[in-house]
Amino acid sequence: MKTLSTTLAMSLLAASGFAGDTCETTAHLQAEAAKFELREELNVMIATCLNLTDPAERLECMREARAEFVENKELAQEQLEARLDLCQLLGGGAYDPEIEPDDFSTTVDNPFFPLKVGATWIYESDTDEGLEVIEVTVLAETREILGVECVSVRDTVTLEGEFVEDTIDWYAQDDDGNVWYFGEISFNYEDGFVENIDGSWLAGLDGAKPGIVMLGAPTVGTTYRQEWLLGDAEDAATVLSIDASVTIGIGTYGGCVQTADFLPPEPDALEHKFFAPGIGFIYETKPGETETLELVSVTGL
């Protein structure tokens, strides 16, 4: 594909009479944007290096800048390939879900993703950094997004007893039983203070669009977007099984939906998640890794 600078994105995609594949073209345009950003970052790094008066330090600085540029350029190519692979799974085309508020409800009773007010799930994971504990609670409050009244769910994370994340997610269920994800506000903590809100997004803001976190009728092989904000929220999933069996510390669960969750901007990120009927998410494993996330208790369902 031609670079963005040549012919101004192909004369603004032939004056908007675009006739190509939207998904693939979007992936290529994102890759071009990444290249420009990397070149800009490299220029700034080199300019910084030039202001080191010691020749050896200056040379080492430039070598490090080049190495970082090459590494990030390779990542950008991997991201492009991952996005193109997702396009193939989705069948191409534009992502522009039609949202009719009257088709949605705050009654989220999908058996694989039930959200009853007051229900609480607690998960644990033994990570390289220590014990991670995640607590998820369905709140009584709701929020209107794109005209849809959404259920609020609070998700807190502690690592070795230290508070590291506090998130509010918003969901609603459509008439077909699909549970849609409309956004999140995530406060990330460092040493007890809010460090940033990375990962936050809201449908309708800055081009963000809602996605599906659980299908009303999961079918093996189906791939779907869970969220959509280019460069920030691009999670997707594929249904691997609808009758998986999982044994965890609190019991054995059959008839589970198993999904492969992935994120094109992080090509190596792959998670297998298991959802038990009547309970929801119970277990997560990362292929090739020993680290898991496991439900240890659930109340209020």
# chains A, B, ... in the order shown; residues from 1 in each chain; ligands from 1
call {"tool": "residues_around", "arguments": {"residues": "stretch 152-159 of chain A", "least_positions_apart": "5", "cutoff": "9 Å", "atoms": "only C-alpha atoms", "output": "PyMOL selection string"}}
result
chain A and resi 115+117+127+129-143+164-171+186
call {"tool": "write_last_selection", "arguments": {"atoms": "C-alpha atoms", "output": "mmCIF file, in the first residue's frame"}}
result
data_model
loop_
_atom_site.group_PDB
_atom_site.id
_atom_site.type_symbol
_atom_site.label_atom_id
_atom_site.label_comp_id
_atom_site.auth_asym_id
_atom_site.auth_seq_id
_atom_site.Cartn_x
_atom_site.Cartn_y
_atom_site.Cartn_z
ATOM 1 C CA LEU A 115 -24.689 -9.422 35.918
ATOM 2 C CA VAL A 117 -26.752 -6.296 41.143
ATOM 3 C CA THR A 127 2.217 -13.933 39.095
ATOM 4 C CA GLU A 129 5.365 -10.169 40.934
ATOM 5 C CA GLY A 130 3.318 -11.908 43.624
ATOM 6 C CA LEU A 131 -0.308 -12.742 44.398
ATOM 7 C CA GLU A 132 -2.790 -10.812 42.304
ATOM 8 C CA VAL A 133 -6.373 -10.583 43.552
ATOM 9 C CA ILE A 134 -9.216 -9.309 41.364
ATOM 10 C CA GLU A 135 -12.639 -8.466 42.777
ATOM 11 C CA VAL A 136 -15.555 -7.818 40.411
ATOM 12 C CA THR A 137 -18.863 -6.430 41.733
ATOM 13 C CA VAL A 138 -22.057 -5.450 39.920
ATOM 14 C CA LEU A 139 -23.133 -2.019 41.145
ATOM 15 C CA ALA A 140 -26.655 -0.631 41.486
ATOM 16 C CA GLU A 141 -25.769 2.463 39.431
ATOM 17 C CA THR A 142 -26.283 2.653 35.689
ATOM 18 C CA ARG A 143 -24.958 5.008 33.011
ATOM 19 C CA VAL A 164 -2.966 -1.228 41.581
ATOM 20 C CA GLU A 165 -6.162 -0.758 39.563
ATOM 21 C CA ASP A 166 -9.752 0.432 40.000
ATOM 22 C CA THR A 167 -12.026 0.162 36.970
ATOM 23 C CA ILE A 168 -15.693 0.757 36.189
ATOM 24 C CA ASP A 169 -16.977 -1.132 33.127
ATOM 25 C CA TRP A 170 -20.337 -0.597 31.425
ATOM 26 C CA TYR A 171 -22.438 -3.365 29.856
ATOM 27 C CA SER A 186 -9.626 2.644 34.567
#
call {"tool": "closest_atom_pairs", "arguments": {"of": "stretch 128-225 of chain A", "to": "stretch 96-101 of chain A", "cutoff": "12 Å", "atoms": "only C-alpha atoms", "output": "CSV"}}
result
residue,atom,partner,partner_atom,distance
A:Glu144,CA,A:Pro101,CA,9.7
A:Ile145,CA,A:Pro101,CA,9.2
A:Leu146,CA,A:Pro101,CA,7.6
A:Gly147,CA,A:Pro101,CA,5.5
A:Val148,CA,A:Pro101,CA,4.8
A:Glu149,CA,A:Pro101,CA,7.8
A:Cys150,CA,A:Pro101,CA,10.2
A:Ala172,CA,A:Pro101,CA,9.9
A:Gln173,CA,A:Pro101,CA,10.5
A:Asp174,CA,A:Pro101,CA,9.0
A:Asp175,CA,A:Glu100,CA,10.5
A:Trp180,CA,A:Ile99,CA,10.3
A:Tyr181,CA,A:Ile99,CA,12.0
A:Phe182,CA,A:Ile99,CA,10.8
A:Ala203,CA,A:Ile99,CA,10.7
A:Gly204,CA,A:Ile99,CA,10.8
A:Gly207,CA,A:Asp96,CA,10.3
A:Ala208,CA,A:Asp96,CA,10.1
A:Lys209,CA,A:Asp96,CA,7.5
A:Pro210,CA,A:Pro97,CA,7.8
A:Gly211,CA,A:Pro97,CA,8.2
A:Ile212,CA,A:Pro97,CA,10.2
A:Tyr224,CA,A:Pro97,CA,11.5
A:Arg225,CA,A:Pro97,CA,10.3
call {"tool": "select_by_dssp", "arguments": {"residues": "stretch 16-252 of chain A", "states": "strand (DSSP E)", "output": "ChimeraX atom specification"}}
result
/A:104-105,120-127,130-145,148-159,162-174,179-190,193-196,201-202,209-214,223-225,227-228,236-248,251-252
call {"tool": "write_last_selection", "arguments": {"atoms": "C-alpha atoms", "output": "mmCIF file, in the first residue's frame"}}
result
data_model
loop_
_atom_site.group_PDB
_atom_site.id
_atom_site.type_symbol
_atom_site.label_atom_id
_atom_site.label_comp_id
_atom_site.auth_asym_id
_atom_site.auth_seq_id
_atom_site.Cartn_x
_atom_site.Cartn_y
_atom_site.Cartn_z
ATOM 1 C CA PHE A 104 -31.032 -3.080 24.958
ATOM 2 C CA SER A 105 -31.706 -3.763 28.614
ATOM 3 C CA THR A 120 -19.304 -10.470 43.428
ATOM 4 C CA TRP A 121 -16.586 -12.647 41.893
ATOM 5 C CA ILE A 122 -13.090 -12.925 43.382
ATOM 6 C CA TYR A 123 -10.157 -14.250 41.341
ATOM 7 C CA GLU A 124 -6.553 -15.023 42.212
ATOM 8 C CA SER A 125 -3.379 -15.415 40.179
ATOM 9 C CA ASP A 126 0.163 -16.264 41.272
ATOM 10 C CA THR A 127 2.217 -13.933 39.095
ATOM 11 C CA GLY A 130 3.318 -11.908 43.624
ATOM 12 C CA LEU A 131 -0.308 -12.742 44.398
ATOM 13 C CA GLU A 132 -2.790 -10.812 42.304
ATOM 14 C CA VAL A 133 -6.373 -10.583 43.552
ATOM 15 C CA ILE A 134 -9.216 -9.309 41.364
ATOM 16 C CA GLU A 135 -12.639 -8.466 42.777
ATOM 17 C CA VAL A 136 -15.555 -7.818 40.411
ATOM 18 C CA THR A 137 -18.863 -6.430 41.733
ATOM 19 C CA VAL A 138 -22.057 -5.450 39.920
ATOM 20 C CA LEU A 139 -23.133 -2.019 41.145
ATOM 21 C CA ALA A 140 -26.655 -0.631 41.486
ATOM 22 C CA GLU A 141 -25.769 2.463 39.431
ATOM 23 C CA THR A 142 -26.283 2.653 35.689
ATOM 24 C CA ARG A 143 -24.958 5.008 33.011
ATOM 25 C CA GLU A 144 -26.419 6.060 29.681
ATOM 26 C CA ILE A 145 -24.034 5.612 26.741
ATOM 27 C CA VAL A 148 -28.330 2.857 26.057
ATOM 28 C CA GLU A 149 -28.741 2.419 29.823
ATOM 29 C CA CYS A 150 -25.742 0.351 30.916
ATOM 30 C CA VAL A 151 -24.964 -1.721 33.996
ATOM 31 C CA SER A 152 -21.943 -0.528 36.006
ATOM 32 C CA VAL A 153 -19.421 -3.138 37.146
ATOM 33 C CA ARG A 154 -16.497 -2.340 39.435
ATOM 34 C CA ASP A 155 -13.253 -4.270 38.974
ATOM 35 C CA THR A 156 -10.427 -3.783 41.492
ATOM 36 C CA VAL A 157 -6.951 -5.322 41.395
ATOM 37 C CA THR A 158 -4.437 -5.697 44.217
ATOM 38 C CA LEU A 159 -0.909 -7.076 43.953
ATOM 39 C CA GLU A 162 -1.212 -3.164 47.223
ATOM 40 C CA PHE A 163 -3.987 -1.443 45.279
ATOM 41 C CA VAL A 164 -2.966 -1.228 41.581
ATOM 42 C CA GLU A 165 -6.162 -0.758 39.563
ATOM 43 C CA ASP A 166 -9.752 0.432 40.000
ATOM 44 C CA THR A 167 -12.026 0.162 36.970
ATOM 45 C CA ILE A 168 -15.693 0.757 36.189
ATOM 46 C CA ASP A 169 -16.977 -1.132 33.127
ATOM 47 C CA TRP A 170 -20.337 -0.597 31.425
ATOM 48 C CA TYR A 171 -22.438 -3.365 29.856
ATOM 49 C CA ALA A 172 -25.903 -3.896 28.398
ATOM 50 C CA GLN A 173 -27.682 -6.891 26.858
ATOM 51 C CA ASP A 174 -29.525 -6.804 23.547
ATOM 52 C CA VAL A 179 -23.800 -8.799 26.145
ATOM 53 C CA TRP A 180 -22.276 -5.586 24.832
ATOM 54 C CA TYR A 181 -19.336 -3.682 26.268
ATOM 55 C CA PHE A 182 -19.775 0.108 26.089
ATOM 56 C CA GLY A 183 -16.597 1.336 27.757
ATOM 57 C CA GLU A 184 -14.539 1.652 30.895
ATOM 58 C CA ILE A 185 -12.762 4.158 33.088
ATOM 59 C CA SER A 186 -9.626 2.644 34.567
ATOM 60 C CA PHE A 187 -7.512 4.258 37.293
ATOM 61 C CA ASN A 188 -4.043 2.722 37.474
ATOM 62 C CA TYR A 189 -2.162 3.191 40.745
ATOM 63 C CA GLU A 190 1.530 3.370 41.651
ATOM 64 C CA PHE A 193 -1.426 7.329 43.821
ATOM 65 C CA VAL A 194 -3.227 7.404 40.457
ATOM 66 C CA GLU A 195 -0.519 7.066 37.801
ATOM 67 C CA ASN A 196 -2.696 7.192 34.690
ATOM 68 C CA TRP A 201 -12.453 4.359 26.532
ATOM 69 C CA LEU A 202 -16.112 5.216 26.019
ATOM 70 C CA LYS A 209 -17.574 1.860 19.362
ATOM 71 C CA PRO A 210 -19.041 -0.861 21.582
ATOM 72 C CA GLY A 211 -18.314 -4.555 21.116
ATOM 73 C CA ILE A 212 -19.650 -7.891 22.326
ATOM 74 C CA VAL A 213 -18.125 -9.631 25.357
ATOM 75 C CA MET A 214 -20.420 -12.663 25.256
ATOM 76 C CA THR A 223 -14.913 -14.277 15.941
ATOM 77 C CA TYR A 224 -16.122 -10.932 17.263
ATOM 78 C CA ARG A 225 -14.795 -7.571 18.400
ATOM 79 C CA GLU A 227 -14.287 -3.175 21.923
ATOM 80 C CA TRP A 228 -13.162 -0.706 19.293
ATOM 81 C CA ALA A 236 -11.322 -9.537 19.996
ATOM 82 C CA ALA A 237 -12.251 -13.159 20.694
ATOM 83 C CA THR A 238 -12.967 -16.441 18.930
ATOM 84 C CA VAL A 239 -15.220 -19.158 20.343
ATOM 85 C CA LEU A 240 -13.186 -22.371 20.698
ATOM 86 C CA SER A 241 -15.723 -24.585 22.478
ATOM 87 C CA ILE A 242 -19.242 -24.525 23.895
ATOM 88 C CA ASP A 243 -18.939 -27.693 25.993
ATOM 89 C CA ALA A 244 -15.567 -27.383 27.711
ATOM 90 C CA SER A 245 -14.982 -28.822 31.187
ATOM 91 C CA VAL A 246 -12.813 -27.056 33.765
ATOM 92 C CA THR A 247 -11.689 -28.092 37.230
ATOM 93 C CA ILE A 248 -10.597 -25.336 39.602
ATOM 94 C CA GLY A 251 -15.201 -27.315 41.790
ATOM 95 C CA THR A 252 -15.586 -28.849 38.337
#
call {"tool": "closest_residue", "arguments": {"among": "A:Leu229, A:Val70, A:Cys256, A:Cys23", "to": "A:Leu90", "atoms": "only C-alpha atoms"}}
result
A:Cys23
call {"tool": "residues_around", "arguments": {"residues": "stretch 260-271 of chain A", "least_positions_apart": "6", "cutoff": "8 Å", "atoms": "only C-alpha atoms", "output": "list of chain:residue names"}}
result
A:Glu78, A:Gln79, A:Leu80, A:Ala82, A:Arg83, A:Leu86, A:Gly231, A:Glu234, A:Asp235, A:Ala236, A:Ala237, A:Thr238, A:Val239, A:Leu240, A:Glu284, A:Thr285, A:Lys286, A:Pro287
call {"tool": "closest_residue", "arguments": {"among": "A:Glu291, A:Asp109, A:Asp128, A:Asp206", "to": "A:Ile279", "atoms": "only C-alpha atoms"}}
result
A:Asp109
call {"tool": "select_by_dssp", "arguments": {"residues": "stretch 26-238 of chain A", "states": "alpha helix (DSSP H)", "output": "VMD selection string"}}
result
chain A and resid 26 to 50 55 to 90
call {"tool": "closest_residue", "arguments": {"among": "A:Val44, A:Leu84, A:Val296, A:Leu301", "to": "A:Leu29", "atoms": "only C-alpha atoms"}}
result
A:Leu84
call {"tool": "residues_around", "arguments": {"residues": "A:Leu38", "least_positions_apart": "6", "cutoff": "9 Å", "atoms": "only C-alpha atoms", "output": "PyMOL selection string"}}
result
chain A and resi 69+72-73
call {"tool": "atom_distance", "arguments": {"atom1": "atom CA of A:Asp198", "atom2": "atom CA of A:Glu294"}}
result
24.6 Å
